[in-house]
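Shown next, in structure tokens, is the structure this report addresses.
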Amino acid sequence: MKAMSAFTKPSVVLPDGFVLRADLSRAATPTLLRQRPIHRWFWFPHSYSPELVEAILEAWDLPPGSRLLDPFCGAGTTLLVARERGFPAAGVDLSPLAVLASRAKTRWPGSSEGILSSLQRLRRVVSQQLRVFRRRALFRPVSPPSPRLARAFTPIEWAALSVLREWILQLPPSFERDLLWLALLRILPRFSRASGDGGWLRWVERPEATPEQILSAFEEEIRRFTEDLEWRARHPVPPARVSVHRMDARRIHRLPRMFDAVITSPPYPNRHDYTRIFHIELLFMGCREEDILRLRRESLRSHVEARGLDLTPEGYLPPSRLQAYLNDLKDLDPRVPRMVAGYFEDLFWVLRGARQILNPGARLALVVGNARYGGQILPADELMVEIGEQAGYRFEGAWVIRLRGNSAQQMGRYGRLPSRESVVFLKARA
Ligand SMILES: C[S@@+](CC[C@H](N)C(=O)[O-])C[C@H]1O[C@@H](n2cnc3c(N)ncnc32)[C@H](O)[C@@H]1O
């Protein structure tokens, strides 16, 4: 790895091999992502910004053609940077929303001419269709198809959203269709009475929107997307294929290809549940309540409702520090220590599965956040080092990119203790 600049504050004591990279603290969040063309089409509350992926790639200096993998691709930040830099890449995520966002953001046509003709088609079809919808003038109220959607949207709002939805759904699969879908999903929070705020869903009051406001918001979103694509056509990049798979990262060994590097961020063990934050979007995409419940149970054990796979993690020995931590949580809700133990077992599965599809010497950058339970910091970054070593990797160092406050509950009860967000670097043993 190339030498890295360390911004070490003398007051912060870090574990061996860890250096402070406070220069990357904004890149640990989606703040910078929101200013970058295409990246800004969609993000998760816990997405990192492309600048973090770029800093990692710079430190690694991978040979051209290296294949990148992101087993928790979320809104596709790693995949999009890979495509921008000409690296072939594959992404995996359990959520259909993450898969759609990652696909729409990474699969623009390979040449500038291709992008421009796709834009022409898109603009023509959108303006024709919106003209038809506007000519209908009166949208008749339609009851949303589920109680939760009925709480989020009024029948008149649903009438406008569902004409757009039905129209897009009947289009043949294509890059343009993904883009239209994403644009429509992107405007939902502007009208929904369910607000995905700080990791949880909150119900809010909102005046009823008119169908014209909804159509205009969609048109405006498409205009923004197409401007970004025009920019891309003016700044071509070498072609590189990006594939996106809806699958469980714990079964990643089933991917058919071999990879040279992984840049990823698993959910943090902080109890946030993406199926709750994006409940409305998932229902809008056609998931039923029971599908969403299944998704919640199947997700990595970073929240208490996840169940874990029925597999015995052969070769995994929970690190002694983890055992000691779990013993200290004895007085808490028993679901919390069960979740914490399951979280690291799940990560072991992911790392061991990844080992089977990584070339020897492949590099991994894992963006992880520590959490705090019962007043004690859970050092997820250091535990990741131990688990990585058990799964067949060598620890190469870590960057501490952010020192965060704790949850209001933990701070109120036990005081503030900075909690690290780190990039842990591992290398696949030969
Ligand atoms: C922290 S987010 C990733 C954010 C991403 N780095 C970005 O920049 O947008 C974690 C992702 O893990 C996904 N996830 C949770 N459990 C999973 C599992 N078992 N297999 C695959 N993906 C999973 C979630 O759906 C979510 O998209």
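Note on naming: chains are A, B, ... as they come in the structure tokens, residues start from 1 per chain, ligands start from 1 in the order shown.
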Compile the contact shell of Arg429 in chain A as a PyMOL selection string: residues with an atom at most 9 Å away, counting only C-alpha atoms, same-chain residues fewer than 5 positions apart removed.
chain A and resi 355+360-362+392-394
Rows by chain and residue number, chain A within 7 Å of ligand 1, shortest pair, only C-alpha atoms and all ligand atoms, as a tab-separated table:
residue	atom	partner	partner_atom_place_in_ligand_line	distance
A:Trp43	CA	ligand 1	9 (O)	5.7
A:Phe44	CA	ligand 1	9 (O)	5.3
A:His46	CA	ligand 1	1 (C)	5.1
A:Ser47	CA	ligand 1	8 (O)	3.5
A:Tyr48	CA	ligand 1	8 (O)	4.5
A:Ser49	CA	ligand 1	8 (O)	6.5
A:Pro71	CA	ligand 1	21 (C)	6.1
A:Phe72	CA	ligand 1	12 (O)	4.2
A:Cys73	CA	ligand 1	5 (C)	4.9
A:Gly74	CA	ligand 1	27 (O)	3.3
A:Ala75	CA	ligand 1	9 (O)	3.6
A:Gly76	CA	ligand 1	9 (O)	5.2
A:Thr77	CA	ligand 1	8 (O)	4.4
A:Thr78	CA	ligand 1	8 (O)	6.6
A:Val92	CA	ligand 1	21 (C)	6.0
A:Asp93	CA	ligand 1	22 (N)	3.7
A:Leu94	CA	ligand 1	22 (N)	4.2
A:Ser95	CA	ligand 1	25 (O)	4.6
A:Ala98	CA	ligand 1	27 (O)	5.5
A:Met247	CA	ligand 1	21 (C)	6.0
A:Asp248	CA	ligand 1	20 (N)	3.6
A:Ala249	CA	ligand 1	20 (N)	3.8
A:Arg250	CA	ligand 1	19 (N)	6.0
A:Thr264	CA	ligand 1	6 (N)	5.6
A:Ser265	CA	ligand 1	6 (N)	4.8
A:Pro266	CA	ligand 1	10 (C)	4.8
A:Pro267	CA	ligand 1	10 (C)	4.3
A:Tyr268	CA	ligand 1	1 (C)	6.8
A:Tyr274	CA	ligand 1	25 (O)	6.2
A:Glu298	CA	ligand 1	19 (N)	6.1
A:Ser299	CA	ligand 1	16 (N)	3.6
A:Leu300	CA	ligand 1	16 (N)	3.9
Write down as a list in words the residues belonging to range 44-279 of chain A that are assigned strand (DSSP E or B) by DSSP computed on the backbone.
Leu68, Leu69, Asp70, Ala89, Ala90, Gly91, Val92, Asp93, Ala194, Ser195, Gly196, Asp197, Trp200, Leu201, Arg202, Trp203, Val242, Ser243, Val244, His245, Arg246, Phe259, Asp260, Ala261, Val262, Ile263 and Thr264 of chain A
Would you output that residue set with N, CA and C atoms, as a compact mmCIF listing (two decimals), in the first residue's frame?
# COMPACT_ATOMS: atom_id res chain seq x y z
N LEU A 68 -13.46 -5.31 -8.97
CA LEU A 68 -13.88 -4.87 -7.62
C LEU A 68 -15.19 -5.51 -7.21
N LEU A 69 -15.35 -5.72 -5.93
CA LEU A 69 -16.57 -6.32 -5.40
C LEU A 69 -17.07 -5.50 -4.20
N ASP A 70 -18.40 -5.29 -4.15
CA ASP A 70 -19.01 -4.70 -2.96
C ASP A 70 -20.18 -5.58 -2.53
N ALA A 89 -16.75 -4.33 -12.09
CA ALA A 89 -17.15 -4.49 -10.69
C ALA A 89 -18.45 -5.27 -10.58
N ALA A 90 -18.66 -5.84 -9.38
CA ALA A 90 -19.93 -6.52 -9.09
C ALA A 90 -20.39 -6.07 -7.72
N GLY A 91 -21.70 -5.90 -7.61
CA GLY A 91 -22.29 -5.52 -6.33
C GLY A 91 -23.34 -6.53 -5.92
N VAL A 92 -23.51 -6.66 -4.62
CA VAL A 92 -24.50 -7.59 -4.06
C VAL A 92 -25.26 -6.83 -2.99
N ASP A 93 -26.55 -7.03 -2.92
CA ASP A 93 -27.33 -6.49 -1.81
C ASP A 93 -28.62 -7.30 -1.69
N ALA A 194 -44.74 9.46 5.77
CA ALA A 194 -43.80 8.66 6.55
C ALA A 194 -42.41 9.19 6.23
N SER A 195 -41.70 9.61 7.26
CA SER A 195 -40.41 10.22 7.00
C SER A 195 -39.28 9.34 7.57
N GLY A 196 -38.38 8.89 6.72
CA GLY A 196 -37.24 8.05 7.13
C GLY A 196 -36.18 8.95 7.71
N ASP A 197 -36.26 9.14 9.02
CA ASP A 197 -35.48 10.19 9.65
C ASP A 197 -34.50 9.57 10.63
N TRP A 200 -35.00 5.86 11.56
CA TRP A 200 -36.33 5.32 11.91
C TRP A 200 -37.39 6.00 11.04
N LEU A 201 -38.57 5.39 11.00
CA LEU A 201 -39.67 5.97 10.22
C LEU A 201 -40.57 6.74 11.19
N ARG A 202 -40.85 8.01 10.83
CA ARG A 202 -41.69 8.86 11.67
C ARG A 202 -42.89 9.31 10.84
N TRP A 203 -44.05 9.44 11.46
CA TRP A 203 -45.21 9.92 10.71
C TRP A 203 -45.34 11.42 10.90
N VAL A 242 -20.39 -3.38 -15.02
CA VAL A 242 -20.78 -3.48 -13.62
C VAL A 242 -22.02 -4.37 -13.54
N SER A 243 -21.97 -5.42 -12.70
CA SER A 243 -23.17 -6.24 -12.53
C SER A 243 -23.65 -6.12 -11.09
N VAL A 244 -24.95 -6.24 -10.93
CA VAL A 244 -25.53 -6.08 -9.59
C VAL A 244 -26.43 -7.28 -9.32
N HIS A 245 -26.26 -7.90 -8.16
CA HIS A 245 -26.97 -9.14 -7.85
C HIS A 245 -27.77 -8.99 -6.56
N ARG A 246 -29.02 -9.44 -6.63
CA ARG A 246 -29.78 -9.45 -5.37
C ARG A 246 -29.52 -10.78 -4.69
N PHE A 259 -12.33 -11.97 -7.90
CA PHE A 259 -12.16 -10.53 -7.71
C PHE A 259 -10.79 -10.22 -7.11
N ASP A 260 -10.38 -8.95 -7.30
CA ASP A 260 -9.06 -8.53 -6.82
C ASP A 260 -9.13 -7.59 -5.63
N ALA A 261 -10.31 -7.02 -5.40
CA ALA A 261 -10.43 -6.07 -4.29
C ALA A 261 -11.88 -5.92 -3.86
N VAL A 262 -12.04 -5.62 -2.58
CA VAL A 262 -13.38 -5.39 -2.02
C VAL A 262 -13.36 -4.03 -1.32
N ILE A 263 -14.34 -3.19 -1.63
CA ILE A 263 -14.54 -1.97 -0.84
C ILE A 263 -16.00 -1.97 -0.45
N THR A 264 -16.25 -2.02 0.84
CA THR A 264 -17.64 -2.21 1.27
C THR A 264 -17.89 -1.68 2.66
Within 10 Å of range 315-318 of chain A using only C-alpha atoms, minus same-chain residues under 6 positions, as a PDB file with C-alpha atoms, in the first residue's frame:
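Generated file (around.pdb):
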ATOM      1  CA  ALA A 341     -22.888 -12.118  18.788  1.00  0.00           C
ATOM      2  CA  GLY A 342     -24.820 -12.854  15.558  1.00  0.00           C
ATOM      3  CA  PHE A 344     -19.845 -10.961  14.084  1.00  0.00           C
ATOM      4  CA  GLU A 345     -20.778 -14.511  13.174  1.00  0.00           C
ATOM      5  CA  PHE A 348     -17.274 -14.165   9.520  1.00  0.00           C
ATOM      6  CA  TRP A 349     -19.533 -15.886   6.962  1.00  0.00           C
ATOM      7  CA  ARG A 352     -14.973 -16.533   4.567  1.00  0.00           C
ATOM      8  CA  LEU A 383     -13.056  -7.312  16.253  1.00  0.00           C
ATOM      9  CA  GLU A 386      -9.595 -10.710  14.560  1.00  0.00           C
ATOM     10  CA  ILE A 387     -12.447 -12.174  12.550  1.00  0.00           C
ATOM     11  CA  GLN A 390      -9.718 -16.277  11.310  1.00  0.00           C
ATOM     12  CA  ALA A 391     -11.318 -16.088   7.850  1.00  0.00           C
TER      13      ALA A 391
END
May I have the residues within 8 Å of Val81 in chain A as a list in words, using only C-alpha atoms and disregarding those fewer than 3 positions away in the same chain?
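Contacts, with the query itself left out: Pro50, Val53, Glu54, Thr77, Thr78, Glu84 and Arg85 of chain A.
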Counting only C-alpha atoms, what is within 12 Å of Ser143 in chain A, bar same-chain residues fewer than 6 positions away, as a PyMOL selection string?
chain A and resi 149-162
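Interatomic distance, CA of Leu311 in chain A to CA of Val350 in chain A: 12.5 Å.
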A:Ala233, A:Ala59, A:Leu358, A:Val132: which is nearest Pro37 in chain A, counting only C-alpha atoms?
A:Ala233
Between CA of Phe191 in chain A and CA of Met285 in chain A, measure the distance and give it in Å to one decimal.
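It comes out at 16.0 Å.
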Taking into account only C-alpha atoms, which residue in the set A:Leu309, A:Ile168, A:Ile214, A:Val424 is nearest to Gly397 in chain A?
A:Val424
Å distance separating CA of Arg296 in chain A from CA of Gly308 in chain A, one decimal place:
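One can read the CA of Arg296 in chain A to CA of Gly308 in chain A distance as 10.4 Å.
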Would you pick out the contacts of Met384 in chain A at 10 Å or less, using only C-alpha atoms, so that residues sharing its chain but fewer than 2 positions from it are not included, and give the list as an mmCIF file with N, CA and C atoms, in the first residue's frame?
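Produced file around.cif, reproduced below:
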data_model
loop_
_atom_site.group_PDB
_atom_site.id
_atom_site.type_symbol
_atom_site.label_atom_id
_atom_site.label_comp_id
_atom_site.auth_asym_id
_atom_site.auth_seq_id
_atom_site.Cartn_x
_atom_site.Cartn_y
_atom_site.Cartn_z
ATOM 1 N N PRO A 319 -14.160 -14.059 19.161
ATOM 2 C CA PRO A 319 -12.980 -13.524 19.849
ATOM 3 C C PRO A 319 -13.241 -13.361 21.343
ATOM 4 N N PHE A 344 -21.221 -10.579 14.429
ATOM 5 C CA PHE A 344 -19.845 -10.961 14.084
ATOM 6 C C PHE A 344 -19.780 -12.344 13.438
ATOM 7 N N LEU A 347 -20.559 -11.668 9.881
ATOM 8 C CA LEU A 347 -19.424 -11.071 9.160
ATOM 9 C C LEU A 347 -18.359 -12.122 8.864
ATOM 10 N N PHE A 348 -18.208 -13.068 9.779
ATOM 11 C CA PHE A 348 -17.274 -14.165 9.520
ATOM 12 C C PHE A 348 -17.706 -14.917 8.258
ATOM 13 N N LEU A 351 -16.872 -12.852 5.170
ATOM 14 C CA LEU A 351 -15.433 -12.803 4.864
ATOM 15 C C LEU A 351 -14.932 -14.152 4.374
ATOM 16 N N LEU A 366 -12.860 -2.447 4.618
ATOM 17 C CA LEU A 366 -14.168 -2.621 5.257
ATOM 18 C C LEU A 366 -14.460 -1.404 6.118
ATOM 19 N N VAL A 368 -16.361 0.253 8.861
ATOM 20 C CA VAL A 368 -17.169 -0.222 9.989
ATOM 21 C C VAL A 368 -17.292 0.857 11.061
ATOM 22 N N PRO A 379 -16.015 -2.465 20.097
ATOM 23 C CA PRO A 379 -14.976 -2.108 19.115
ATOM 24 C C PRO A 379 -15.090 -2.957 17.835
ATOM 25 N N ALA A 380 -16.116 -2.681 17.033
ATOM 26 C CA ALA A 380 -16.376 -3.500 15.833
ATOM 27 C C ALA A 380 -15.149 -3.523 14.917
ATOM 28 N N ASP A 381 -14.419 -2.408 14.846
ATOM 29 C CA ASP A 381 -13.265 -2.350 13.932
ATOM 30 C C ASP A 381 -12.158 -3.320 14.381
ATOM 31 N N GLU A 382 -11.869 -3.334 15.691
ATOM 32 C CA GLU A 382 -10.815 -4.251 16.163
ATOM 33 C C GLU A 382 -11.262 -5.708 16.076
ATOM 34 N N GLU A 386 -9.741 -9.326 14.050
ATOM 35 C CA GLU A 386 -9.595 -10.710 14.560
ATOM 36 C C GLU A 386 -10.382 -11.692 13.713
ATOM 37 N N ILE A 387 -11.602 -11.273 13.343
ATOM 38 C CA ILE A 387 -12.447 -12.174 12.550
ATOM 39 C C ILE A 387 -11.854 -12.351 11.151
ATOM 40 N N GLY A 388 -11.316 -11.273 10.609
ATOM 41 C CA GLY A 388 -10.669 -11.342 9.295
ATOM 42 C C GLY A 388 -9.504 -12.327 9.326
ATOM 43 N N GLU A 389 -8.717 -12.285 10.416
ATOM 44 C CA GLU A 389 -7.574 -13.205 10.515
ATOM 45 C C GLU A 389 -8.055 -14.645 10.562
ATOM 46 N N GLN A 390 -9.151 -14.904 11.270
ATOM 47 C CA GLN A 390 -9.718 -16.277 11.310
ATOM 48 C C GLN A 390 -10.222 -16.704 9.930
ATOM 49 N N PHE A 395 -4.069 -8.581 8.508
ATOM 50 C CA PHE A 395 -4.401 -7.183 8.800
ATOM 51 C C PHE A 395 -3.313 -6.282 8.229
ATOM 52 N N VAL A 424 -11.042 -0.719 7.824
ATOM 53 C CA VAL A 424 -10.101 -1.789 8.193
ATOM 54 C C VAL A 424 -9.580 -2.400 6.894
ATOM 55 N N PHE A 425 -8.254 -2.459 6.762
ATOM 56 C CA PHE A 425 -7.647 -3.013 5.543
ATOM 57 C C PHE A 425 -7.144 -4.438 5.809
ATOM 58 N N LEU A 426 -7.596 -5.350 4.969
ATOM 59 C CA LEU A 426 -7.147 -6.746 5.068
ATOM 60 C C LEU A 426 -6.594 -7.173 3.716
#
Distance query Ser216 in chain A at most 12 Å, only C-alpha atoms, self and fewer than 6 positions along chain excluded, as a PyMOL selection string:
chain A and resi 126-127+130-131+133-134+160-161+164+183-184+187+209-210+222-223
May I have the selected residues written with C-alpha atoms, as a PDB file, in the first residue's frame?
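So result30.pdb came out as:
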ATOM      1  CA  VAL A 126     -41.364  11.295 -20.857  1.00  0.00           C
ATOM      2  CA  SER A 127     -42.722  14.415 -22.531  1.00  0.00           C
ATOM      3  CA  LEU A 130     -46.723  13.487 -19.332  1.00  0.00           C
ATOM      4  CA  ARG A 131     -48.712  15.298 -22.034  1.00  0.00           C
ATOM      5  CA  PHE A 133     -51.442  12.324 -18.292  1.00  0.00           C
ATOM      6  CA  ARG A 134     -51.966  16.097 -18.132  1.00  0.00           C
ATOM      7  CA  ALA A 160     -51.029  10.542  -9.753  1.00  0.00           C
ATOM      8  CA  LEU A 161     -48.270   8.300  -8.359  1.00  0.00           C
ATOM      9  CA  LEU A 164     -46.633   6.988 -13.342  1.00  0.00           C
ATOM     10  CA  ALA A 183     -36.631   9.032 -10.367  1.00  0.00           C
ATOM     11  CA  LEU A 184     -40.139   8.109  -9.242  1.00  0.00           C
ATOM     12  CA  ILE A 187     -39.704  11.886  -5.251  1.00  0.00           C
ATOM     13  CA  ALA A 209     -50.278  17.565  -3.019  1.00  0.00           C
ATOM     14  CA  THR A 210     -52.056  18.029  -6.349  1.00  0.00           C
ATOM     15  CA  ILE A 222     -35.867  13.381 -14.768  1.00  0.00           C
ATOM     16  CA  ARG A 223     -34.456  16.727 -15.907  1.00  0.00           C
TER      17      ARG A 223
END
Going by DSSP on the backbone, which residues of range 29-125 of chain A come out as helix (DSSP H, G or I)? List them as a short mmCIF file (atom, residue, chain, number, x, y, z; two decimals) with N, CA and C atoms, in the first residue's frame.
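Contents of selection_28.cif, as written:
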data_model
loop_
_atom_site.label_atom_id
_atom_site.label_comp_id
_atom_site.auth_asym_id
_atom_site.auth_seq_id
_atom_site.Cartn_x
_atom_site.Cartn_y
_atom_site.Cartn_z
N LEU A 33 -21.34 13.19 -1.50
CA LEU A 33 -22.03 12.43 -2.57
C LEU A 33 -23.14 13.27 -3.21
N ARG A 34 -23.79 14.09 -2.38
CA ARG A 34 -24.95 14.86 -2.85
C ARG A 34 -24.57 15.93 -3.86
N GLN A 35 -23.24 16.19 -3.99
CA GLN A 35 -22.81 17.20 -4.96
C GLN A 35 -22.28 16.56 -6.23
N HIS A 39 -24.02 10.09 -8.72
CA HIS A 39 -24.02 9.63 -7.33
C HIS A 39 -25.25 10.18 -6.61
N ARG A 40 -25.61 11.45 -6.91
CA ARG A 40 -26.67 12.12 -6.14
C ARG A 40 -28.07 11.65 -6.50
N TRP A 41 -28.19 10.71 -7.42
CA TRP A 41 -29.53 10.24 -7.77
C TRP A 41 -30.22 9.52 -6.62
N PRO A 50 -18.15 9.18 -2.63
CA PRO A 50 -17.16 8.63 -3.55
C PRO A 50 -15.72 8.97 -3.15
N GLU A 51 -15.54 10.10 -2.46
CA GLU A 51 -14.18 10.52 -2.08
C GLU A 51 -13.50 9.48 -1.21
N LEU A 52 -14.28 8.74 -0.42
CA LEU A 52 -13.67 7.70 0.44
C LEU A 52 -13.16 6.54 -0.44
N VAL A 53 -13.98 6.14 -1.39
CA VAL A 53 -13.57 5.04 -2.28
C VAL A 53 -12.34 5.48 -3.09
N GLU A 54 -12.36 6.74 -3.54
CA GLU A 54 -11.22 7.24 -4.33
C GLU A 54 -9.94 7.26 -3.49
N ALA A 55 -10.04 7.64 -2.21
CA ALA A 55 -8.85 7.67 -1.35
C ALA A 55 -8.29 6.26 -1.18
N ILE A 56 -9.20 5.28 -1.06
CA ILE A 56 -8.75 3.88 -0.88
C ILE A 56 -8.07 3.40 -2.17
N LEU A 57 -8.70 3.69 -3.31
CA LEU A 57 -8.11 3.24 -4.58
C LEU A 57 -6.76 3.89 -4.81
N GLU A 58 -6.64 5.15 -4.41
CA GLU A 58 -5.36 5.85 -4.56
C GLU A 58 -4.28 5.17 -3.71
N ALA A 59 -4.64 4.80 -2.49
CA ALA A 59 -3.67 4.16 -1.59
C ALA A 59 -3.26 2.79 -2.16
N TRP A 60 -4.18 2.11 -2.81
CA TRP A 60 -3.89 0.76 -3.30
C TRP A 60 -3.16 0.75 -4.64
N THR A 77 -22.23 3.30 -4.31
CA THR A 77 -21.11 4.26 -4.37
C THR A 77 -19.81 3.61 -4.87
N THR A 78 -19.48 2.44 -4.31
CA THR A 78 -18.24 1.77 -4.74
C THR A 78 -18.34 1.40 -6.22
N LEU A 79 -19.50 0.89 -6.62
CA LEU A 79 -19.65 0.42 -8.01
C LEU A 79 -19.54 1.58 -8.99
N LEU A 80 -20.12 2.71 -8.61
CA LEU A 80 -20.09 3.86 -9.51
C LEU A 80 -18.67 4.42 -9.64
N VAL A 81 -17.95 4.47 -8.53
CA VAL A 81 -16.55 4.94 -8.62
C VAL A 81 -15.76 3.95 -9.49
N ALA A 82 -16.04 2.64 -9.31
CA ALA A 82 -15.34 1.63 -10.12
C ALA A 82 -15.60 1.93 -11.61
N ARG A 83 -16.86 2.14 -11.94
CA ARG A 83 -17.19 2.38 -13.36
C ARG A 83 -16.52 3.68 -13.85
N GLU A 84 -16.51 4.71 -13.01
CA GLU A 84 -15.89 5.98 -13.39
C GLU A 84 -14.39 5.82 -13.64
N PRO A 96 -34.10 -5.06 -2.77
CA PRO A 96 -34.39 -4.75 -4.17
C PRO A 96 -34.20 -3.27 -4.49
N LEU A 97 -34.38 -2.43 -3.47
CA LEU A 97 -34.20 -0.99 -3.69
C LEU A 97 -32.73 -0.67 -3.95
N ALA A 98 -31.85 -1.29 -3.16
CA ALA A 98 -30.41 -1.07 -3.34
C ALA A 98 -29.98 -1.59 -4.72
N VAL A 99 -30.53 -2.73 -5.12
CA VAL A 99 -30.16 -3.30 -6.41
C VAL A 99 -30.60 -2.36 -7.54
N LEU A 100 -31.82 -1.85 -7.44
CA LEU A 100 -32.29 -0.93 -8.49
C LEU A 100 -31.42 0.33 -8.53
N ALA A 101 -31.16 0.93 -7.35
CA ALA A 101 -30.38 2.18 -7.32
C ALA A 101 -28.98 1.94 -7.89
N SER A 102 -28.36 0.83 -7.50
CA SER A 102 -27.00 0.55 -7.97
C SER A 102 -26.98 0.32 -9.48
N ARG A 103 -28.00 -0.38 -9.96
CA ARG A 103 -28.05 -0.68 -11.40
C ARG A 103 -28.29 0.60 -12.20
N ALA A 104 -29.27 1.40 -11.77
CA ALA A 104 -29.60 2.62 -12.52
C ALA A 104 -28.40 3.57 -12.58
N LYS A 105 -27.59 3.59 -11.49
CA LYS A 105 -26.49 4.55 -11.44
C LYS A 105 -25.24 4.09 -12.17
N THR A 106 -25.17 2.81 -12.54
CA THR A 106 -23.90 2.32 -13.09
C THR A 106 -23.99 1.78 -14.52
N SER A 112 -20.37 7.94 -25.60
CA SER A 112 -21.08 9.23 -25.50
C SER A 112 -22.27 9.26 -26.45
N GLU A 113 -22.09 8.69 -27.67
CA GLU A 113 -23.20 8.68 -28.64
C GLU A 113 -24.36 7.86 -28.07
N GLY A 114 -24.00 6.73 -27.45
CA GLY A 114 -25.03 5.86 -26.84
C GLY A 114 -25.80 6.60 -25.75
N ILE A 115 -25.07 7.36 -24.93
CA ILE A 115 -25.74 8.11 -23.85
C ILE A 115 -26.69 9.14 -24.46
N LEU A 116 -26.17 9.86 -25.49
CA LEU A 116 -27.00 10.93 -26.06
C LEU A 116 -28.26 10.37 -26.73
N SER A 117 -28.13 9.21 -27.41
CA SER A 117 -29.36 8.70 -28.04
C SER A 117 -30.31 8.14 -26.98
N SER A 118 -29.77 7.60 -25.88
CA SER A 118 -30.64 7.14 -24.80
C SER A 118 -31.38 8.35 -24.19
N LEU A 119 -30.66 9.46 -24.05
CA LEU A 119 -31.29 10.66 -23.48
C LEU A 119 -32.42 11.16 -24.37
N GLN A 120 -32.14 11.12 -25.70
CA GLN A 120 -33.15 11.59 -26.65
C GLN A 120 -34.43 10.76 -26.50
N ARG A 121 -34.24 9.42 -26.45
CA ARG A 121 -35.40 8.53 -26.30
C ARG A 121 -36.15 8.82 -25.00
N LEU A 122 -35.37 8.99 -23.95
CA LEU A 122 -35.96 9.21 -22.63
C LEU A 122 -36.78 10.50 -22.60
N ARG A 123 -36.20 11.57 -23.13
CA ARG A 123 -36.90 12.86 -23.09
C ARG A 123 -38.17 12.80 -23.92
N ARG A 124 -38.07 12.11 -25.08
CA ARG A 124 -39.24 12.03 -25.96
C ARG A 124 -40.37 11.28 -25.26
N VAL A 125 -40.03 10.12 -24.71
CA VAL A 125 -41.06 9.28 -24.11
C VAL A 125 -41.67 9.96 -22.86
#
Nearest residue to Arg193 in chain A from the set A:Arg148, A:Trp167, A:Arg338, A:Phe218 (distances using only C-alpha atoms):
A:Arg148
